[in-house]
Amino acid sequence: MNEDHEDHEDPMPALDAIVAAARQLMDHPVPQVRTFAAQVTAKVEALTDAVLPHRRAPL
Amino acid sequence: MAVPGVDRLSRPDLLALQERKLRALGERLMSNPFFAPRLRSVGGALSLDRLRDVPVLEKSELLDDQAHQPPYGDRLGVSVDRVAMRHQTAGTSGRGQEIYGLTLRDVEAAGYISSFAFEWAGLRPGEPAAFHIGVSNSSGGNAMLRGIQGVGTTPVVVAHAGFRERLDIMREVPLVGMYATPSAINGLAQLARAEGIDLQEVLPNLRFLLTSAEPYPLSWAKKMEDAYGARLLEDYGLTQSASAICACTCEQGAVLSGPEGLVRGKMHFFEWPFVFEFVDPDTLEPAAPGEDAEVLVTTLDKEASPVLRFRTRDRVRYLGTERCDCGRELATIEAGTISRFDDLMKIKGQNVWPADMESTALGMSEVVELSGEVRIGDKGRDELFLKIALADGADTEHTTAALKTAFKSRFNLTPLVDVVDLSSLPQWHTPEHKARRFTDLRRADLANGADGEEKS
């Protein structure tokens with residue numbers, strides 16, 4: 001893990017899509033769904049910060 | 001084109017990443033009422049060069065901020081309803097505990113950051129590892145546990161159990177690693193030896209021991225590797241980093257065999273979520289490779305309770321940023337020798353100030369003097385031994401019990417107490433001698449064979 005990865009394995013597009021989908025649930029009437037959406041968003045943002053920051057934008 | 005893992009960025013790419021994050025951090029903190037005034041001395045966007053223009057951050061300033069705006073201070077940086085978890089330093093109330101908020105994103109990030117240590121240690125998805133650290137708001141347990149889970153594996157949590165029960169649990173699981181303090185690693189080895197248990201036989205899959213929090217002798221490290229049949233690695237964490245692990249020895253481990261015998265391994269700092277500076281504690285000038293240095297930390301991504309050039313008071317031997325044999329180009333320190341520039345002691349995982357222990361004991365009218373030693377006890381792990389002298393007429397049994405209760409309540413430590421004659425204790429009546437009532441003898445004890453082997 002965390003060895004070199006080929007570009008076609010770039011996870012950012014899929015992660016961005018997950019966040020976009022989660023954001024649509026942020027105002028859901030069921031509180032647990034809202035919590036889930038917040039957790040998913042936080043998880044992806046944290047993963048991007050901590051593991052994939054160099055994927056987010058060119059250095 | 002191949003893209004490296006973030007821990008394997010070239011030095012120039014890593015510095016470029018830090019620059020980008022620092023610039024964003026500077027912009028974010030300009031709306032933080034605690035940090036904005038500190039950034040005014042910076043002539044432009046925050047950068048690695050300009051970071052040194054920012055005043056260093058002292059613990060006392062954080063405590064003042066909390067007192068001014070409890071509980072998190074003006075520095076929180078997010079609305080209180082976004083605080084998903086609270087961490088606090090394990091210091092005692094006499095010196096004040098720093099309180100940190102964490103957003104959901106901070107909590108998750110701390111786990112992902114910490115997972116690098118377990119990955120470097122060799123943990124792989126699906127493999128169980130024993131976790132010997134208690135989880136609370138005052139330690140890194142949360143982040144470390146998430147770190148194990150971040151690798152995609154199963155933590156076997158054993159911190160609630162005594163050593164005997166831990167061994168029983170561990171024998172039933174095909175463990176590949178365990179995370180524990182040096183004292184716990186030592187205590188388990190000593191128990192196994194006493195009971196005639198061959199650790200290599202009962203833990204045949206064990207590959208690594210990951211440890212932190214206490215310095216240790218090289219000879220002891222090698223003995224533990226031999227006893228468990230596993231490689232020893234070490235990590236370093238900070239409450240200020242959302243309690244994430246901030247540095248770790250790479251795959252080579254904490255003990256290396258050199259041409260002249262055993263040498264200490266190297267710990268690499270996780271420099272993509274943090275900026276670390278290694279400075280002379282008196283001048284705050286950058287330390288040169290090979291020098292002892294204090295660690296300053298700046299959090300680059302943390303949303304709640306960020307820190308900017310926080311003085312950790314942690315003493316490390318800085319080794320520079322030269323490319324390691326593992327291929328990483330991260331700032332490096334010597335393994336096994338992290339200590340403190342102040343007199344904070346870590347006993348059984350609890351951060352304790354000697355002055356607070358003194359005031360607790362001497363605050364009892366029955367106790368007139370004391371002397372304390374932290375040693376490796378009969379069970380192979382750290383113990384606090386207190387010798388106390390009593391006032392005339394004080395009841396020995398009652399005072400001893402009350403003192404133990406007070407220490408348990410305030411420090412979560414139960415000392416072993418001996419009542420002695422006042423004349424046998426050092427006297428601290430003259431102003432030219434600062435009272436030093438507590439001594440840490442653990443490292444000497446480990447070096448002298450208090451590691452589960454018969455003492456010669």
# chains A, B, ... in the order shown; residues from 1 in each chain; ligands from 1
call {"tool": "residues_around", "arguments": {"residues": "Arg55 in chain A", "least_positions_apart": "3", "cutoff": "8 Å", "atoms": "only C-alpha atoms", "output": "CSV table (one decimal) with N, CA, C and O atoms, in the first residue's frame"}}
result
chain,number,residue,atom,x,y,z
A,10,ASP,N,-6.5,6.6,-10.0
A,10,ASP,CA,-6.8,7.9,-9.3
A,10,ASP,C,-8.2,7.8,-8.7
A,10,ASP,O,-9.2,7.7,-9.4
A,12,MET,N,-9.8,10.1,-7.0
A,12,MET,CA,-10.5,11.4,-6.7
A,12,MET,C,-11.8,11.6,-7.4
A,12,MET,O,-12.8,12.0,-6.8
A,48,THR,N,-8.9,12.6,1.9
A,48,THR,CA,-8.2,13.5,0.9
A,48,THR,C,-7.1,14.3,1.6
A,48,THR,O,-6.0,14.4,1.0
A,52,LEU,N,-4.5,11.6,0.4
A,52,LEU,CA,-4.4,11.9,-1.0
A,52,LEU,C,-4.3,13.4,-1.3
A,52,LEU,O,-4.8,13.8,-2.4
A,58,PRO,N,-2.4,19.8,-8.5
A,58,PRO,CA,-0.9,19.6,-8.9
A,58,PRO,C,-0.1,20.3,-7.9
A,58,PRO,O,-0.4,21.4,-7.4
call {"tool": "residues_around", "arguments": {"residues": "Leu62 in chain B", "least_positions_apart": "3", "cutoff": "9 Å", "atoms": "only C-alpha atoms", "output": "JSON, numbers by chain"}}
result
{"B": [57, 58, 59, 65, 66, 67, 73, 75, 98, 99]}
call {"tool": "select_by_dssp", "arguments": {"residues": "chain A", "states": "helix (DSSP H, G or I)", "output": "ChimeraX atom specification"}}
result
/A:7-9,12-23,31-50,53-56
call {"tool": "closest_residue", "arguments": {"among": "A:Arg56, A:Ala17, A:Ala50, A:His28", "to": "chain B", "atoms": "only C-alpha atoms"}}
result
A:Ala50
call {"tool": "closest_atom_pairs", "arguments": {"of": "range 184-212 of chain B", "to": "range 141-163 of chain B", "cutoff": "10 Å", "atoms": "only C-alpha atoms", "output": "Markdown table"}}
result
| residue | atom | partner | partner_atom | distance |
| --- | --- | --- | --- | --- |
| B:Ala184 | CA | B:Phe163 | CA | 8.2 |
| B:Ile185 | CA | B:Phe163 | CA | 9.9 |
| B:Gly187 | CA | B:Phe163 | CA | 7.3 |
| B:Leu188 | CA | B:Phe163 | CA | 6.0 |
| B:Ala189 | CA | B:Phe163 | CA | 9.6 |
| B:Gln190 | CA | B:Phe163 | CA | 9.9 |
| B:Leu191 | CA | B:Phe163 | CA | 7.4 |
| B:Ala192 | CA | B:Phe163 | CA | 9.4 |
call {"tool": "interface_residues", "arguments": {"of": "chain B", "to": "chain A", "cutoff": "7 Å", "atoms": "only C-alpha atoms", "output": "MDAnalysis selection string"}}
result
chainID B and resid 1:6 13 16:17 104:106 108:109 112:113 273 301
call {"tool": "residues_around", "arguments": {"residues": "Val374 in chain B", "least_positions_apart": "6", "cutoff": "10 Å", "atoms": "only C-alpha atoms", "output": "JSON, numbers by chain"}}
result
{"B": [345, 346, 347, 348, 382, 383, 384, 385, 386, 415, 438, 439, 440, 441, 442, 443, 445]}
call {"tool": "residues_around", "arguments": {"residues": "Leu425 in chain B", "least_positions_apart": "3", "cutoff": "8 Å", "atoms": "only C-alpha atoms", "output": "list in words"}}
result
Glu369, Leu370, Ser371, Lys387, Ala389, Val420, Asp421 and Leu422 of chain B
call {"tool": "closest_residue", "arguments": {"among": "B:Ala293, B:Ala444, B:Met364, B:Leu344", "to": "Ile376 in chain B", "atoms": "only C-alpha atoms"}}
result
B:Ala444
call {"tool": "residues_around", "arguments": {"residues": "Met26 in chain A", "least_positions_apart": "2", "cutoff": "10 Å", "atoms": "only C-alpha atoms", "output": "list in words"}}
result
Ala21, Ala22, Arg23, Gln24, His28, Pro29, Val30, Pro31, Val33, Arg34, Thr35, Phe36, Ala37, Ala38 and Thr41 of chain A
call {"tool": "write_last_selection", "arguments": {"atoms": "C-alpha atoms", "output": "PDB file, in the first residue's frame"}}
result
ATOM      1  CA  ALA A  21     -24.217  12.252  -3.523  1.00  0.00           C
ATOM      2  CA  ALA A  22     -23.877  12.571   0.253  1.00  0.00           C
ATOM      3  CA  ARG A  23     -24.520  16.311   0.098  1.00  0.00           C
ATOM      4  CA  GLN A  24     -27.913  15.621  -1.443  1.00  0.00           C
ATOM      5  CA  HIS A  28     -33.062  14.630   4.629  1.00  0.00           C
ATOM      6  CA  PRO A  29     -35.891  14.550   7.197  1.00  0.00           C
ATOM      7  CA  VAL A  30     -34.533  11.409   8.900  1.00  0.00           C
ATOM      8  CA  PRO A  31     -31.810  12.519  11.338  1.00  0.00           C
ATOM      9  CA  VAL A  33     -29.638   9.870   7.211  1.00  0.00           C
ATOM     10  CA  ARG A  34     -28.353  13.415   7.760  1.00  0.00           C
ATOM     11  CA  THR A  35     -25.753  12.083  10.193  1.00  0.00           C
ATOM     12  CA  PHE A  36     -24.711   9.435   7.713  1.00  0.00           C
ATOM     13  CA  ALA A  37     -24.322  12.051   4.999  1.00  0.00           C
ATOM     14  CA  ALA A  38     -22.170  14.188   7.271  1.00  0.00           C
ATOM     15  CA  THR A  41     -18.543  13.686   3.643  1.00  0.00           C
TER      16      THR A  41
END
call {"tool": "residues_around", "arguments": {"residues": "Asp81 in chain B", "least_positions_apart": "5", "cutoff": "12 Å", "atoms": "only C-alpha atoms", "output": "PyMOL selection string"}}
result
chain B and resi 76+86+101-104+304
call {"tool": "write_last_selection", "arguments": {"atoms": "all heavy atoms", "output": "short mmCIF file (atom, residue, chain, number, x, y, z; two decimals), in the first residue's frame"}}
result
data_model
loop_
_atom_site.label_atom_id
_atom_site.label_comp_id
_atom_site.auth_asym_id
_atom_site.auth_seq_id
_atom_site.Cartn_x
_atom_site.Cartn_y
_atom_site.Cartn_z
N LEU B 76 -10.83 28.01 18.83
CA LEU B 76 -11.55 26.83 18.31
C LEU B 76 -11.66 26.86 16.78
O LEU B 76 -11.42 25.86 16.12
CB LEU B 76 -12.92 26.72 18.95
CG LEU B 76 -13.78 25.55 18.50
CD1 LEU B 76 -13.11 24.21 18.83
CD2 LEU B 76 -15.18 25.61 19.13
N ARG B 86 -13.97 15.70 21.85
CA ARG B 86 -13.12 16.58 22.66
C ARG B 86 -11.92 15.78 23.12
O ARG B 86 -12.07 14.65 23.61
CB ARG B 86 -13.94 17.07 23.85
CG ARG B 86 -13.14 17.73 24.95
CD ARG B 86 -14.11 18.10 26.07
NE ARG B 86 -13.37 18.39 27.29
CZ ARG B 86 -13.70 19.36 28.14
NH1 ARG B 86 -14.74 20.13 27.90
NH2 ARG B 86 -13.01 19.56 29.23
N GLY B 101 -11.00 20.77 20.51
CA GLY B 101 -12.16 20.25 19.81
C GLY B 101 -11.72 19.56 18.53
O GLY B 101 -10.67 19.89 17.96
N LEU B 102 -12.50 18.58 18.09
CA LEU B 102 -12.25 17.92 16.82
C LEU B 102 -13.57 17.89 16.04
O LEU B 102 -14.60 17.52 16.60
CB LEU B 102 -11.79 16.47 17.00
CG LEU B 102 -10.38 16.18 17.49
CD1 LEU B 102 -10.26 16.40 18.99
CD2 LEU B 102 -9.99 14.75 17.15
N THR B 103 -13.54 18.29 14.81
CA THR B 103 -14.72 18.09 13.97
C THR B 103 -14.73 16.63 13.51
O THR B 103 -13.75 15.89 13.70
CB THR B 103 -14.68 18.99 12.72
OG1 THR B 103 -13.56 18.59 11.90
CG2 THR B 103 -14.55 20.45 13.10
N LEU B 104 -15.84 16.26 12.91
CA LEU B 104 -15.93 14.89 12.37
C LEU B 104 -14.77 14.62 11.41
O LEU B 104 -14.17 13.54 11.40
CB LEU B 104 -17.28 14.76 11.64
CG LEU B 104 -17.97 13.41 11.60
CD1 LEU B 104 -18.00 12.73 12.96
CD2 LEU B 104 -19.40 13.59 11.06
N ALA B 304 -10.82 22.19 13.77
CA ALA B 304 -11.08 22.73 15.11
C ALA B 304 -9.78 22.76 15.91
O ALA B 304 -8.93 21.87 15.80
CB ALA B 304 -12.10 21.86 15.82
#
call {"tool": "closest_residue", "arguments": {"among": "B:Pro37, B:Gly44, B:Gly111, B:Pro217", "to": "Cys246 in chain B", "atoms": "only C-alpha atoms"}}
result
B:Gly111
call {"tool": "atom_distance", "arguments": {"atom1": "CA of Cys326 in chain B", "atom2": "CA of Gly265 in chain B"}}
result
11.7 Å
call {"tool": "closest_residue", "arguments": {"among": "B:Thr211, B:Phe118, B:Leu46, B:Glu329", "to": "Arg28 in chain B", "atoms": "only C-alpha atoms"}}
result
B:Leu46
